[in-house]
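What follows is coords_29.txt (compact mmCIF, C-alpha atoms and all ligand atoms).
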```
# COMPACT_ATOMS: atom_id res chain seq x y z
CA MET A 1 74.25 6.80 94.87
CA HIS A 2 71.20 8.18 96.61
CA VAL A 3 71.82 11.92 96.86
CA LEU A 4 69.79 14.12 99.22
CA ILE A 5 69.59 17.77 98.21
CA SER A 6 68.49 20.33 100.77
CA GLY A 7 66.88 23.19 98.80
CA GLY A 8 64.91 23.19 95.55
CA GLY A 9 66.10 26.58 94.26
CA ILE A 10 68.06 27.15 91.07
CA GLY A 11 71.19 25.42 92.38
CA GLY A 12 69.38 22.47 94.00
CA LEU A 13 67.21 21.70 90.97
CA THR A 14 70.14 21.97 88.55
CA ALA A 15 72.13 19.61 90.77
CA ALA A 16 69.20 17.18 90.81
CA LEU A 17 68.98 17.20 87.00
CA ALA A 18 72.74 16.78 86.60
CA LEU A 19 72.96 13.92 89.14
CA GLN A 20 69.85 12.19 87.78
CA LYS A 21 71.30 12.38 84.24
CA ARG A 22 74.37 10.52 85.49
CA GLY A 23 72.23 7.73 86.91
CA HIS A 24 72.00 8.69 90.59
CA GLN A 25 68.81 8.61 92.61
CA VAL A 26 68.00 12.11 93.89
CA THR A 27 65.69 13.41 96.60
CA VAL A 28 65.22 17.18 96.73
CA LEU A 29 63.98 18.38 100.12
CA GLU A 30 62.40 21.82 99.73
CA GLN A 31 61.00 23.72 102.68
CA SER A 32 58.29 25.56 100.69
CA HIS A 33 55.00 23.91 99.89
CA GLN A 34 55.46 24.55 96.19
CA LEU A 35 58.45 25.03 93.90
CA ASN A 36 58.46 28.76 93.62
CA GLU A 37 60.63 31.82 93.24
CA VAL A 38 60.27 35.51 93.91
CA GLY A 39 58.78 37.69 91.17
CA ALA A 40 62.05 39.05 89.86
CA GLY A 41 64.43 38.67 86.98
CA LEU A 42 67.72 36.93 86.53
CA GLN A 43 70.45 37.31 83.94
CA ILE A 44 71.74 33.96 82.75
CA SER A 45 75.03 34.36 80.93
CA PRO A 46 76.40 31.84 78.37
CA ASN A 47 78.41 29.93 81.01
CA GLY A 48 75.11 29.06 82.72
CA MET A 49 73.30 28.28 79.48
CA GLN A 50 76.08 25.80 78.56
CA VAL A 51 75.00 23.74 81.56
CA PHE A 52 71.30 23.94 80.70
CA GLU A 53 71.99 22.87 77.13
CA ALA A 54 74.15 19.96 78.30
CA LEU A 55 71.34 18.85 80.62
CA GLY A 56 68.79 19.04 77.78
CA VAL A 57 66.77 21.89 79.33
CA GLY A 58 68.08 24.79 77.21
CA ALA A 59 64.92 25.03 75.07
CA ARG A 60 62.65 25.00 78.16
CA VAL A 61 64.67 27.80 79.77
CA GLU A 62 64.70 29.85 76.54
CA LYS A 63 60.98 29.48 75.89
CA ASP A 64 59.79 32.58 77.78
CA ALA A 65 63.16 34.28 78.16
CA PHE A 66 64.36 37.49 76.54
CA ARG A 67 67.57 37.87 74.50
CA PRO A 68 68.97 41.37 75.21
CA ARG A 69 70.41 43.30 72.28
CA ALA A 70 73.43 44.53 74.28
CA GLN A 71 74.86 45.38 77.64
CA GLU A 72 75.00 49.12 78.24
CA LEU A 73 76.44 51.58 80.71
CA ARG A 74 74.35 54.78 80.92
CA TRP A 75 74.24 57.97 82.94
CA GLY A 76 71.50 57.66 85.56
CA LYS A 77 70.25 61.23 85.21
CA GLY A 78 70.60 62.07 81.52
CA GLY A 79 70.29 58.50 80.25
CA GLY A 80 73.11 58.96 77.67
CA ARG A 81 75.14 55.89 76.75
CA ILE A 82 78.72 55.52 78.01
CA LEU A 83 79.35 52.04 76.63
CA THR A 84 77.52 49.48 74.52
CA VAL A 85 78.60 45.85 74.30
CA PRO A 86 76.54 43.90 71.73
CA LEU A 87 75.17 40.62 73.08
CA ARG A 88 72.37 39.20 70.92
CA ASP A 89 74.41 38.87 67.73
CA VAL A 90 77.64 38.01 69.46
CA ALA A 91 77.00 35.72 72.44
CA ARG A 92 76.75 32.35 70.72
CA ASP A 93 79.74 32.89 68.43
CA ARG A 94 81.98 34.40 71.06
CA TRP A 95 80.94 32.54 74.22
CA GLY A 96 79.23 29.43 72.86
CA CYS A 97 75.66 30.08 74.08
CA GLU A 98 72.96 32.71 74.37
CA TYR A 99 72.83 35.45 77.02
CA LEU A 100 69.31 35.43 78.46
CA HIS A 101 67.06 37.30 80.86
CA VAL A 102 64.58 35.03 82.60
CA HIS A 103 61.84 35.42 85.15
CA ARG A 104 62.91 33.45 88.22
CA ALA A 105 59.54 31.69 88.42
CA ASP A 106 59.84 30.62 84.75
CA LEU A 107 63.29 29.21 85.40
CA ILE A 108 62.11 27.21 88.40
CA ASP A 109 59.16 25.96 86.32
CA ALA A 110 61.50 24.88 83.53
CA LEU A 111 63.91 23.06 85.86
CA GLY A 112 61.20 21.59 88.11
CA GLY A 113 59.15 20.47 85.10
CA ALA A 114 62.11 18.71 83.50
CA LEU A 115 62.93 16.97 86.77
CA ARG A 116 59.32 15.89 87.26
CA ASP A 117 59.31 14.35 83.75
CA ARG A 118 62.51 12.43 84.38
CA ALA A 119 62.13 11.48 88.06
CA PRO A 120 58.51 12.09 89.15
CA ASP A 121 59.12 11.44 92.86
CA ALA A 122 62.40 13.32 93.18
CA VAL A 123 61.03 16.48 94.83
CA ARG A 124 59.54 16.45 98.33
CA LEU A 125 57.87 19.73 99.25
CA GLY A 126 57.25 21.08 102.75
CA CYS A 127 60.46 19.43 104.00
CA SER A 128 62.66 21.76 106.01
CA VAL A 129 66.07 20.23 106.76
CA ALA A 130 67.13 21.19 110.28
CA SER A 131 70.38 19.22 110.66
CA PHE A 132 72.25 16.08 109.62
CA THR A 133 74.13 13.17 111.15
CA GLN A 134 76.54 10.85 109.40
CA ASP A 135 78.78 7.81 109.75
CA GLU A 136 81.31 6.22 107.44
CA THR A 137 78.80 4.79 105.00
CA SER A 138 75.76 7.09 105.00
CA ILE A 139 74.32 10.49 105.90
CA THR A 140 70.90 11.32 107.38
CA ALA A 141 68.98 14.56 106.95
CA MET A 142 66.75 15.42 109.91
CA LEU A 143 63.66 17.42 109.08
CA ASP A 144 62.11 19.90 111.50
CA THR A 145 59.20 17.45 111.84
CA GLY A 146 61.57 14.84 113.27
CA GLU A 147 61.54 12.71 110.10
CA ARG A 148 64.92 11.24 109.10
CA ILE A 149 65.95 10.54 105.50
CA THR A 150 69.11 8.60 104.76
CA GLY A 151 71.28 8.69 101.64
CA ASP A 152 74.91 8.49 100.49
CA LEU A 153 75.52 12.20 100.09
CA LEU A 154 73.83 15.42 101.30
CA VAL A 155 74.08 18.55 99.15
CA GLY A 156 73.37 21.81 100.99
CA ALA A 157 71.78 23.97 98.27
CA ASP A 158 69.74 25.82 100.85
CA GLY A 159 70.79 29.35 100.00
CA ILE A 160 72.29 32.32 101.76
CA HIS A 161 70.95 31.41 105.23
CA SER A 162 71.93 27.72 104.85
CA ALA A 163 71.21 25.44 107.83
CA ILE A 164 73.68 22.87 106.47
CA ARG A 165 76.47 25.48 106.39
CA THR A 166 75.62 26.62 109.92
CA GLN A 167 75.97 23.06 111.23
CA MET A 168 79.22 22.58 109.30
CA ILE A 169 81.06 25.75 110.26
CA GLY A 170 78.94 27.72 112.71
CA PRO A 171 77.03 30.98 112.40
CA ASP A 172 77.62 33.25 109.47
CA ARG A 173 79.23 36.70 109.99
CA PRO A 174 78.12 38.85 107.07
CA ARG A 175 79.26 42.47 106.74
CA TYR A 176 76.66 45.06 105.80
CA THR A 177 77.95 46.79 102.64
CA GLY A 178 76.03 49.99 103.30
CA ASN A 179 73.86 49.35 100.22
CA VAL A 180 70.25 48.38 99.77
CA ALA A 181 68.78 47.02 96.54
CA TRP A 182 65.30 48.04 95.40
CA ARG A 183 63.67 45.65 92.99
CA ALA A 184 60.51 45.81 90.93
CA VAL A 185 58.88 44.14 87.93
CA VAL A 186 56.34 46.07 85.86
CA PRO A 187 54.53 45.21 82.59
CA VAL A 188 56.13 47.15 79.73
CA SER A 189 52.62 48.06 78.53
CA GLU A 190 52.27 50.31 81.61
CA LEU A 191 55.44 52.27 80.95
CA GLY A 192 54.56 53.94 77.64
CA GLN A 193 57.45 55.88 76.11
CA HIS A 194 59.55 55.29 79.23
CA ALA A 195 59.91 51.52 78.82
CA PRO A 196 63.54 50.50 79.37
CA PRO A 197 65.64 49.66 76.31
CA GLU A 198 65.90 46.05 75.10
CA THR A 199 69.32 45.80 76.70
CA ALA A 200 70.87 44.93 80.04
CA SER A 201 71.51 48.51 81.14
CA VAL A 202 73.48 49.71 84.13
CA TRP A 203 72.60 53.33 84.97
CA VAL A 204 75.31 55.00 87.06
CA GLY A 205 75.11 57.91 89.46
CA SER A 206 76.42 59.39 92.65
CA ARG A 207 76.45 56.69 95.37
CA ARG A 208 73.78 54.70 93.54
CA HIS A 209 73.11 52.76 90.38
CA ALA A 210 70.23 50.96 88.71
CA VAL A 211 69.99 47.98 86.40
CA THR A 212 67.11 47.55 83.95
CA TYR A 213 66.29 44.70 81.61
CA ARG A 214 63.35 42.97 79.95
CA LEU A 215 61.79 39.62 80.91
CA ARG A 216 59.18 37.24 79.48
CA ARG A 217 59.89 37.79 75.79
CA GLY A 218 60.20 41.51 76.45
CA SER A 219 56.78 42.05 78.04
CA LEU A 220 58.04 42.82 81.56
CA ALA A 221 60.56 45.39 82.79
CA ASN A 222 62.85 44.39 85.65
CA LEU A 223 64.58 46.96 87.83
CA VAL A 224 67.24 46.59 90.51
CA GLY A 225 68.22 49.92 92.06
CA VAL A 226 71.15 49.96 94.47
CA VAL A 227 71.56 52.89 96.86
CA GLU A 228 74.10 53.58 99.58
CA CYS A 229 72.31 53.69 102.91
CA LYS A 230 73.93 53.82 106.36
CA GLU A 231 70.97 52.41 108.24
CA ARG A 232 70.95 48.58 108.34
CA HIS A 233 68.12 46.68 106.66
CA ILE A 234 67.28 43.01 106.46
CA GLU A 235 68.57 40.58 103.85
CA SER A 236 65.31 39.14 102.63
CA TRP A 237 63.58 38.71 99.29
CA SER A 238 60.22 39.53 100.83
CA ALA A 239 61.12 42.77 102.65
CA THR A 240 59.43 45.79 101.10
CA GLY A 241 60.05 49.54 101.11
CA ALA A 242 58.01 52.71 100.66
CA ARG A 243 57.53 54.21 97.20
CA GLU A 244 58.30 57.75 98.48
CA GLN A 245 61.69 56.53 99.70
CA ALA A 246 62.47 54.81 96.39
CA LEU A 247 61.54 57.94 94.43
CA LYS A 248 63.63 60.04 96.81
CA ASP A 249 66.59 57.71 96.28
CA PHE A 250 66.31 58.23 92.50
CA LYS A 251 65.30 61.91 92.53
CA GLY A 252 66.19 63.67 89.28
CA TRP A 253 66.96 60.37 87.53
CA SER A 254 65.90 59.33 84.05
CA PRO A 255 62.11 58.90 83.66
CA VAL A 256 62.86 55.29 82.65
CA ILE A 257 63.89 54.53 86.23
CA ARG A 258 61.31 56.74 87.93
CA THR A 259 58.38 55.45 85.90
CA ILE A 260 59.13 51.86 86.93
CA LEU A 261 59.26 52.98 90.58
CA GLU A 262 55.99 54.86 90.17
CA LYS A 263 54.14 52.00 88.48
CA ALA A 264 55.44 49.02 90.49
CA GLU A 265 52.75 47.24 92.47
CA THR A 266 55.32 46.23 95.09
CA LEU A 267 58.77 47.61 95.76
CA ASN A 268 61.04 45.10 97.46
CA ARG A 269 64.11 46.13 99.36
CA TRP A 270 67.02 43.74 99.97
CA ALA A 271 70.01 44.77 102.10
CA LEU A 272 73.34 43.81 100.56
CA TYR A 273 75.70 41.94 102.87
CA ASP A 274 79.15 40.74 101.88
CA ARG A 275 80.96 37.57 102.93
CA ASP A 276 84.46 36.22 102.44
CA PRO A 277 85.05 32.84 100.78
CA LEU A 278 84.56 29.94 103.25
CA GLU A 279 87.49 27.80 104.41
CA THR A 280 85.73 24.61 103.47
CA TRP A 281 82.61 23.48 101.64
CA VAL A 282 82.78 19.87 102.75
CA ASP A 283 82.15 17.91 105.93
CA GLY A 284 82.37 14.15 105.36
CA ARG A 285 79.39 13.29 103.15
CA ALA A 286 77.88 16.80 103.32
CA VAL A 287 78.79 19.37 100.69
CA LEU A 288 77.65 22.92 99.92
CA LEU A 289 76.66 24.49 96.62
CA GLY A 290 75.55 27.93 95.35
CA ASP A 291 74.73 30.74 97.77
CA ALA A 292 75.13 28.34 100.70
CA CYS A 293 78.91 28.41 100.16
CA HIS A 294 79.69 31.50 98.06
CA PRO A 295 76.96 34.14 98.33
CA MET A 296 78.06 37.16 96.36
CA LEU A 297 77.03 40.71 95.69
CA PRO A 298 74.84 40.96 92.59
CA PHE A 299 77.14 43.36 90.69
CA LEU A 300 78.32 40.79 88.13
CA ALA A 301 74.94 39.00 87.88
CA GLN A 302 76.68 35.67 88.51
CA GLY A 303 75.34 34.26 91.82
CA ALA A 304 72.81 31.89 90.29
CA VAL A 305 75.07 31.11 87.36
CA MET A 306 77.83 30.02 89.77
CA ALA A 307 75.32 27.71 91.49
CA ILE A 308 74.45 26.24 88.07
CA GLU A 309 78.15 25.66 87.26
CA ASP A 310 78.70 24.11 90.73
CA ALA A 311 75.84 21.67 90.16
CA PHE A 312 77.25 20.33 86.91
CA VAL A 313 80.79 19.97 88.26
CA LEU A 314 79.61 18.24 91.45
CA ALA A 315 77.61 15.69 89.43
CA ARG A 316 80.56 15.02 87.13
CA LEU A 317 83.03 14.51 89.98
CA VAL A 318 80.86 12.27 92.16
CA SER A 319 80.28 10.14 89.08
CA THR A 320 83.92 9.85 88.05
CA HIS A 321 85.46 9.18 91.50
CA SER A 322 84.73 5.94 93.29
CA ASP A 323 85.49 7.52 96.67
CA VAL A 324 83.02 10.18 97.92
CA ALA A 325 85.62 12.05 99.97
CA GLU A 326 87.96 12.29 96.96
CA ALA A 327 85.12 13.50 94.75
CA LEU A 328 84.11 16.24 97.18
CA LYS A 329 87.72 17.32 97.64
CA ALA A 330 88.11 17.58 93.85
CA TYR A 331 84.83 19.54 93.61
CA GLU A 332 85.94 22.11 96.15
CA ALA A 333 89.39 22.36 94.54
CA GLU A 334 87.90 22.96 91.09
CA ARG A 335 85.17 25.38 92.08
CA LYS A 336 86.55 27.51 94.90
CA PRO A 337 89.16 29.48 92.88
CA ARG A 338 86.57 30.28 90.23
CA THR A 339 83.78 31.36 92.59
CA SER A 340 86.20 33.36 94.79
CA ARG A 341 87.40 35.26 91.71
CA VAL A 342 83.84 36.03 90.66
CA GLN A 343 82.96 37.02 94.25
CA ALA A 344 85.90 39.47 94.25
CA GLY A 345 84.94 40.84 90.82
CA ALA A 346 81.39 41.52 92.00
CA ARG A 347 82.75 43.34 95.05
CA ARG A 348 84.95 45.56 92.83
CA ASN A 349 81.98 46.58 90.67
CA ALA A 350 80.15 47.94 93.72
CA THR A 351 82.33 51.01 93.82
CA LEU A 352 82.79 51.30 90.04
CA PHE A 353 79.12 52.16 89.52
CA HIS A 354 78.87 54.72 92.38
CA ARG A 355 81.47 57.39 91.58
CA ALA A 356 80.40 60.62 93.27
CA ASP A 357 82.77 63.47 92.37
CA PRO A 358 83.37 64.77 88.83
CA ILE A 359 87.06 63.86 88.74
CA SER A 360 86.59 60.24 89.74
CA LYS A 361 83.67 60.03 87.30
CA MET A 362 85.89 61.28 84.49
CA MET A 363 88.80 58.99 85.48
CA THR A 364 86.48 55.95 85.59
CA TYR A 365 83.97 56.40 82.80
CA GLY A 366 86.24 58.38 80.40
CA PRO A 367 88.51 55.41 79.62
CA ILE A 368 85.49 53.09 79.46
CA TRP A 369 83.86 55.40 76.88
CA LEU A 370 87.08 55.64 74.86
CA ALA A 371 87.54 51.86 74.88
CA GLY A 372 83.95 51.37 73.71
CA GLN A 373 84.45 53.87 70.84
CA PHE A 374 87.83 52.78 69.60
CA MET A 375 88.43 49.23 70.88
CA PRO A 376 85.06 47.43 70.84
CA ALA A 377 86.79 44.05 71.21
CA PHE A 378 88.22 45.30 74.50
CA ALA A 379 84.72 45.53 76.00
CA HIS A 380 83.87 41.95 75.03
CA GLY A 381 87.25 40.79 76.26
CA GLN A 382 86.43 42.00 79.78
CA TYR A 383 83.80 39.29 80.09
CA ASP A 384 85.57 36.40 78.37
CA TRP A 385 86.92 34.88 81.59
CA ILE A 386 83.39 34.67 82.99
CA TYR A 387 81.23 33.81 79.99
CA SER A 388 83.62 31.50 78.07
CA HIS A 389 84.15 29.21 81.02
CA ASP A 390 82.42 26.01 79.98
CA VAL A 391 82.17 23.48 82.80
CA THR A 392 80.49 20.97 80.47
CA THR A 393 83.70 20.39 78.51
CA VAL A 394 87.16 20.16 80.03
CA PRO A 395 87.76 21.19 83.63
CA GLN A 396 89.58 24.52 83.45
CA ALA A 397 92.42 24.73 85.91
CA GLY A 398 93.29 28.15 87.30
CA ASN A 399 89.96 29.80 86.53
C1 LIG B 401 69.11 41.87 93.79
C2 LIG B 401 69.75 40.59 93.29
C3 LIG B 401 69.87 40.38 91.92
C4 LIG B 401 70.48 39.20 91.44
N1 LIG B 401 70.64 39.02 90.08
C5 LIG B 401 71.28 37.91 89.62
C6 LIG B 401 71.47 37.69 88.21
O1 LIG B 401 71.04 38.51 87.38
N2 LIG B 401 72.12 36.57 87.79
C7 LIG B 401 72.61 35.65 88.69
O2 LIG B 401 73.20 34.65 88.26
N3 LIG B 401 72.42 35.82 90.04
C8 LIG B 401 71.78 36.91 90.52
N4 LIG B 401 71.58 37.07 91.86
C9 LIG B 401 72.04 36.01 92.78
C10 LIG B 401 71.05 34.84 92.83
O3 LIG B 401 69.77 35.30 93.19
C11 LIG B 401 71.50 33.77 93.82
O4 LIG B 401 72.89 33.58 93.70
C12 LIG B 401 70.79 32.45 93.56
O5 LIG B 401 69.41 32.58 93.79
C13 LIG B 401 71.37 31.34 94.45
O6 LIG B 401 70.71 30.13 94.17
P1 LIG B 401 70.72 28.95 95.24
O7 LIG B 401 69.98 27.83 94.60
O8 LIG B 401 72.10 28.71 95.73
O9 LIG B 401 69.93 29.51 96.49
P2 LIG B 401 68.41 30.00 96.59
O10 LIG B 401 67.94 30.56 95.30
O11 LIG B 401 68.35 30.88 97.79
O12 LIG B 401 67.59 28.65 96.88
C14 LIG B 401 67.65 28.01 98.13
C15 LIG B 401 66.44 27.09 98.26
O13 LIG B 401 66.58 26.34 99.47
C16 LIG B 401 65.36 26.36 100.18
N5 LIG B 401 65.71 26.18 101.60
C17 LIG B 401 66.31 27.06 102.42
N6 LIG B 401 66.51 26.52 103.64
C18 LIG B 401 66.02 25.25 103.58
C19 LIG B 401 65.96 24.19 104.52
N7 LIG B 401 66.44 24.32 105.76
N8 LIG B 401 65.41 23.01 104.12
C20 LIG B 401 64.92 22.86 102.85
N9 LIG B 401 64.94 23.85 101.93
C21 LIG B 401 65.51 25.03 102.29
C22 LIG B 401 64.73 27.71 99.84
O14 LIG B 401 63.34 27.71 100.06
C23 LIG B 401 65.11 27.84 98.37
O15 LIG B 401 64.16 27.22 97.52
C24 LIG B 401 70.97 38.24 92.37
C25 LIG B 401 70.82 38.44 93.74
C26 LIG B 401 70.23 39.62 94.19
C27 LIG B 401 70.10 39.83 95.69
```
Is it possible to give me this structure as structure tokens?
Amino acid sequence: MHVLISGGGIGGLTAALALQKRGHQVTVLEQSHQLNEVGAGLQISPNGMQVFEALGVGARVEKDAFRPRAQELRWGKGGGRILTVPLRDVARDRWGCEYLHVHRADLIDALGGALRDRAPDAVRLGCSVASFTQDETSITAMLDTGERITGDLLVGADGIHSAIRTQMIGPDRPRYTGNVAWRAVVPVSELGQHAPPETASVWVGSRRHAVTYRLRRGSLANLVGVVECKERHIESWSATGAREQALKDFKGWSPVIRTILEKAETLNRWALYDRDPLETWVDGRAVLLGDACHPMLPFLAQGAVMAIEDAFVLARLVSTHSDVAEALKAYEAERKPRTSRVQAGARRNATLFHRADPISKMMTYGPIWLAGQFMPAFAHGQYDWIYSHDVTTVPQAGN
């Protein structure tokens, strides 16, 4: 088949690699004039790395990544540890692959580079897909320039504000969650004794939490700080906020968090909106993938990883079904229960990290601390359903 992919982000490029590996011709239509990503980090759990290894890009993705020692839950103000879940020495044995922290730009470089080596003309930059038309045998993507490109299948991997989704099911109705996310990346060399630990750490506090981790072989510190905020903000990677506000939001917090906020060249501010699972991901020969069909809150660090899983499954099913409609139906049936469960899990974590009064803090973090002390396997077990899911082997019904 000739597959058109709208969007050359993490999901679109992974889909292109997976489809190309199965012998399909792919054309990625990316609106930007270069393959690029925002300057921020991404946690790639073993279920995502399984896909990269199966596509032969694992080593490229790992090259500049960082392998965190553990996942931790810490108090935002004092910095003391509530829970530690070892990752570095455990991930491959328990979940089959590494758990990595990557810089988004490095990941796009790795995926784009591999695709360029295998199919040099696959990516077309500066191509914004405005709409599509289709008949029984083909589908045509219409660019905003008026150009038309025809193929057998159109994959909408065009992210949270997807034009393909809007044409399929109408305008999106996101709910503001009342949270904004600060994000910053700072060289570790600028943080002195307040560099964040070599772990994926969630720092909890009253109506706010922060996540810190290392990128680029440990040389960069990544921060996401989520704060409850009544006033609505925009959902955009490029929106910024004022340093005084960020420092006010994390007043009295650990110097690890405050030093990153003080040293960051830019502080971005992304408003967190929530959405329910869509009724359908398919319209004839058009199909959605990644944030275009299941955008989720970042509290399980699984949005990009779900797009990566989607890409592999879609390529497998369109290659093993002779009928496109059957293949897309099977794709939606396999993926929707899994992504809806992850979406719901991420939503639950939003409140877990923001306990405000002492009793609810004790009721929430007390049992977590006890489990970490006396039942370490319990902590790992909490993540098994997410990280052990391997879409590159057998399809897993019910997950
Ligand atoms: C604060 C924060 C932290 C996060 N942390 C993690 C994490 O640690 N781990 C994780 O797995 N996920 C994380 N996520 C989620 C993750 O960022 C997204 O789920 C992921 O980027 C989705 O990938 P995608 O390819 O579906 O969409 P995108 O990354 O949005 O890519 C879409 C692409 O389509 C292009 N495009 C858009 N419209 C058009 C058009 N009309 N025509 C052509 N091209 C178009 C865009 O330019 C872009 O390149 C986080 C999200 C947030 C907000």
Using Å and a single decimal, report how far CA of Val123 in chain A sits from atom O14 of ligand LIG 401 (chain B).
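Straight-line distance from atom O14 of ligand LIG 401 (chain B) to CA of Val123 in chain A works out to 12.6 Å.
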Could you list, as number ranges by chain, every residue within 10 Å of Ala110 in chain A, counting only C-alpha atoms and ignoring same-chain residues fewer than 5 positions away?
A: 13, 57-64, 104-105, 115-116
May I have the residues within 8 Å of Pro197 in chain A as a list in words, using only C-alpha atoms and disregarding those fewer than 4 positions away in the same chain?
Ser201, Tyr213 and Arg214 of chain A
Could you report the residues within 7 Å of ligand LIG 401 (chain B), using all atoms listed in the file, as a ChimeraX atom specification?
/A:6-12,29-32,41-44,127-130,157-163,181,183,224,270,289-292,295-298,301-307
For Ser238 in chain A, which of A:Val3, A:Val85, A:Val38, A:Val313 is the closest residue, counting all atoms listed in the file?
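Ranking A:Val3, A:Val85, A:Val38, A:Val313 by distance to Ser238 in chain A, first place goes to A:Val38.
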I need the residue nearest Thr339 in chain A from this list: A:Ala65, A:Leu87, A:Leu300, A:Leu223. Use only C-alpha atoms for the distance.
A:Leu300
Give me the residues near range 373-382 of chain A as a VMD selection string, where near means some atom within 12 Å (using all atoms listed in the file) and where sequence neighbours in that chain fewer than 2 positions away do not count.
chain A and resid 70 to 73 81 to 87 90 to 91 93 to 95 300 345 366 to 371 384 to 388
Would you mind telling me which residue in A:Pro255, A:Gly372, A:Gly56, A:Gly218 lies nearest to Ala200 in chain A when using all atoms listed in the file?
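Among A:Pro255, A:Gly372, A:Gly56, A:Gly218, it is A:Gly218 that comes nearest to Ala200 in chain A.
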Write out as a list in words each polymer residue whose atoms come within 8 Å of Val226 in chain A, counting all atoms listed in the file; drop sequence neighbours fewer than 4 positions from it.
Asn179, Val180, Ala181, Trp182, Arg208, His209 and Ala210 of chain A
Neighbouring residues of Ile169 in chain A were defined as those with any atom within 9 Å, considering all atoms listed in the file; residues of the same chain fewer than 4 positions away were excluded. Please report them as a ChimeraX atom specification.
/A:164-165,278-280
Using only C-alpha atoms, which residue out of A:Phe312, A:Lys251, A:Leu153, A:Glu198 lies closest to Ser219 in chain A?
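Checking each candidate against Ser219 in chain A, we get A:Glu198 as the closest.
Our summary of the geometry notes that CA of Met363 in chain A is positioned 21.1 Å from CA of Glu228 in chain A.
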Closest of A:Asn47, A:Gln245, A:Asn268, A:Asn36 to Asp310 in chain A, counting all atoms listed in the file, is A:Asn47
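You can rank A:Ala350, A:Val185, A:Leu4, A:Cys97 by their closest distance to His389 in chain A using all atoms listed in the file, and at the top of that list sits A:Cys97.
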CA of Leu352 in chain A to CA of Tyr365 in chain A, straight-line distance in Å:
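Atom-to-atom, CA of Tyr365 in chain A to CA of Leu352 in chain A, that is 8.9 Å.
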Output range 367-381 of chain A as a PDB file, in the coordinates of the input, making sure N, CA and C atoms are there.
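Output contents, as saved in out_20.pdb:
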```
ATOM      1  N   PRO A 367      87.833  56.507  80.319  1.00  0.00           N
ATOM      2  CA  PRO A 367      88.510  55.410  79.620  1.00  0.00           C
ATOM      3  C   PRO A 367      87.545  54.329  79.135  1.00  0.00           C
ATOM      4  N   ILE A 368      86.460  54.099  79.897  1.00  0.00           N
ATOM      5  CA  ILE A 368      85.490  53.090  79.460  1.00  0.00           C
ATOM      6  C   ILE A 368      84.833  53.551  78.154  1.00  0.00           C
ATOM      7  N   TRP A 369      84.483  54.848  78.092  1.00  0.00           N
ATOM      8  CA  TRP A 369      83.860  55.400  76.880  1.00  0.00           C
ATOM      9  C   TRP A 369      84.834  55.300  75.698  1.00  0.00           C
ATOM     10  N   LEU A 370      86.088  55.677  75.946  1.00  0.00           N
ATOM     11  CA  LEU A 370      87.080  55.640  74.860  1.00  0.00           C
ATOM     12  C   LEU A 370      87.270  54.215  74.348  1.00  0.00           C
ATOM     13  N   ALA A 371      87.346  53.273  75.288  1.00  0.00           N
ATOM     14  CA  ALA A 371      87.540  51.860  74.880  1.00  0.00           C
ATOM     15  C   ALA A 371      86.358  51.389  74.038  1.00  0.00           C
ATOM     16  N   GLY A 372      85.147  51.772  74.457  1.00  0.00           N
ATOM     17  CA  GLY A 372      83.950  51.370  73.710  1.00  0.00           C
ATOM     18  C   GLY A 372      83.954  51.958  72.299  1.00  0.00           C
ATOM     19  N   GLN A 373      84.458  53.209  72.159  1.00  0.00           N
ATOM     20  CA  GLN A 373      84.450  53.870  70.840  1.00  0.00           C
ATOM     21  C   GLN A 373      85.516  53.289  69.915  1.00  0.00           C
ATOM     22  N   PHE A 374      86.702  53.082  70.481  1.00  0.00           N
ATOM     23  CA  PHE A 374      87.830  52.780  69.600  1.00  0.00           C
ATOM     24  C   PHE A 374      88.355  51.347  69.699  1.00  0.00           C
ATOM     25  N   MET A 375      87.955  50.618  70.738  1.00  0.00           N
ATOM     26  CA  MET A 375      88.430  49.230  70.880  1.00  0.00           C
ATOM     27  C   MET A 375      87.257  48.351  71.293  1.00  0.00           C
ATOM     28  N   PRO A 376      86.249  48.176  70.413  1.00  0.00           N
ATOM     29  CA  PRO A 376      85.060  47.430  70.840  1.00  0.00           C
ATOM     30  C   PRO A 376      85.390  46.014  71.330  1.00  0.00           C
ATOM     31  N   ALA A 377      86.446  45.417  70.772  1.00  0.00           N
ATOM     32  CA  ALA A 377      86.790  44.050  71.210  1.00  0.00           C
ATOM     33  C   ALA A 377      87.242  44.051  72.664  1.00  0.00           C
ATOM     34  N   PHE A 378      87.759  45.207  73.118  1.00  0.00           N
ATOM     35  CA  PHE A 378      88.220  45.300  74.500  1.00  0.00           C
ATOM     36  C   PHE A 378      87.044  45.050  75.454  1.00  0.00           C
ATOM     37  N   ALA A 379      85.897  45.656  75.132  1.00  0.00           N
ATOM     38  CA  ALA A 379      84.720  45.530  76.000  1.00  0.00           C
ATOM     39  C   ALA A 379      84.289  44.063  76.110  1.00  0.00           C
ATOM     40  N   HIS A 380      84.234  43.370  74.976  1.00  0.00           N
ATOM     41  CA  HIS A 380      83.870  41.950  75.030  1.00  0.00           C
ATOM     42  C   HIS A 380      84.897  41.150  75.823  1.00  0.00           C
ATOM     43  N   GLY A 381      86.160  41.528  75.611  1.00  0.00           N
ATOM     44  CA  GLY A 381      87.250  40.790  76.260  1.00  0.00           C
ATOM     45  C   GLY A 381      87.152  40.825  77.776  1.00  0.00           C
TER      46      GLY A 381
END
```
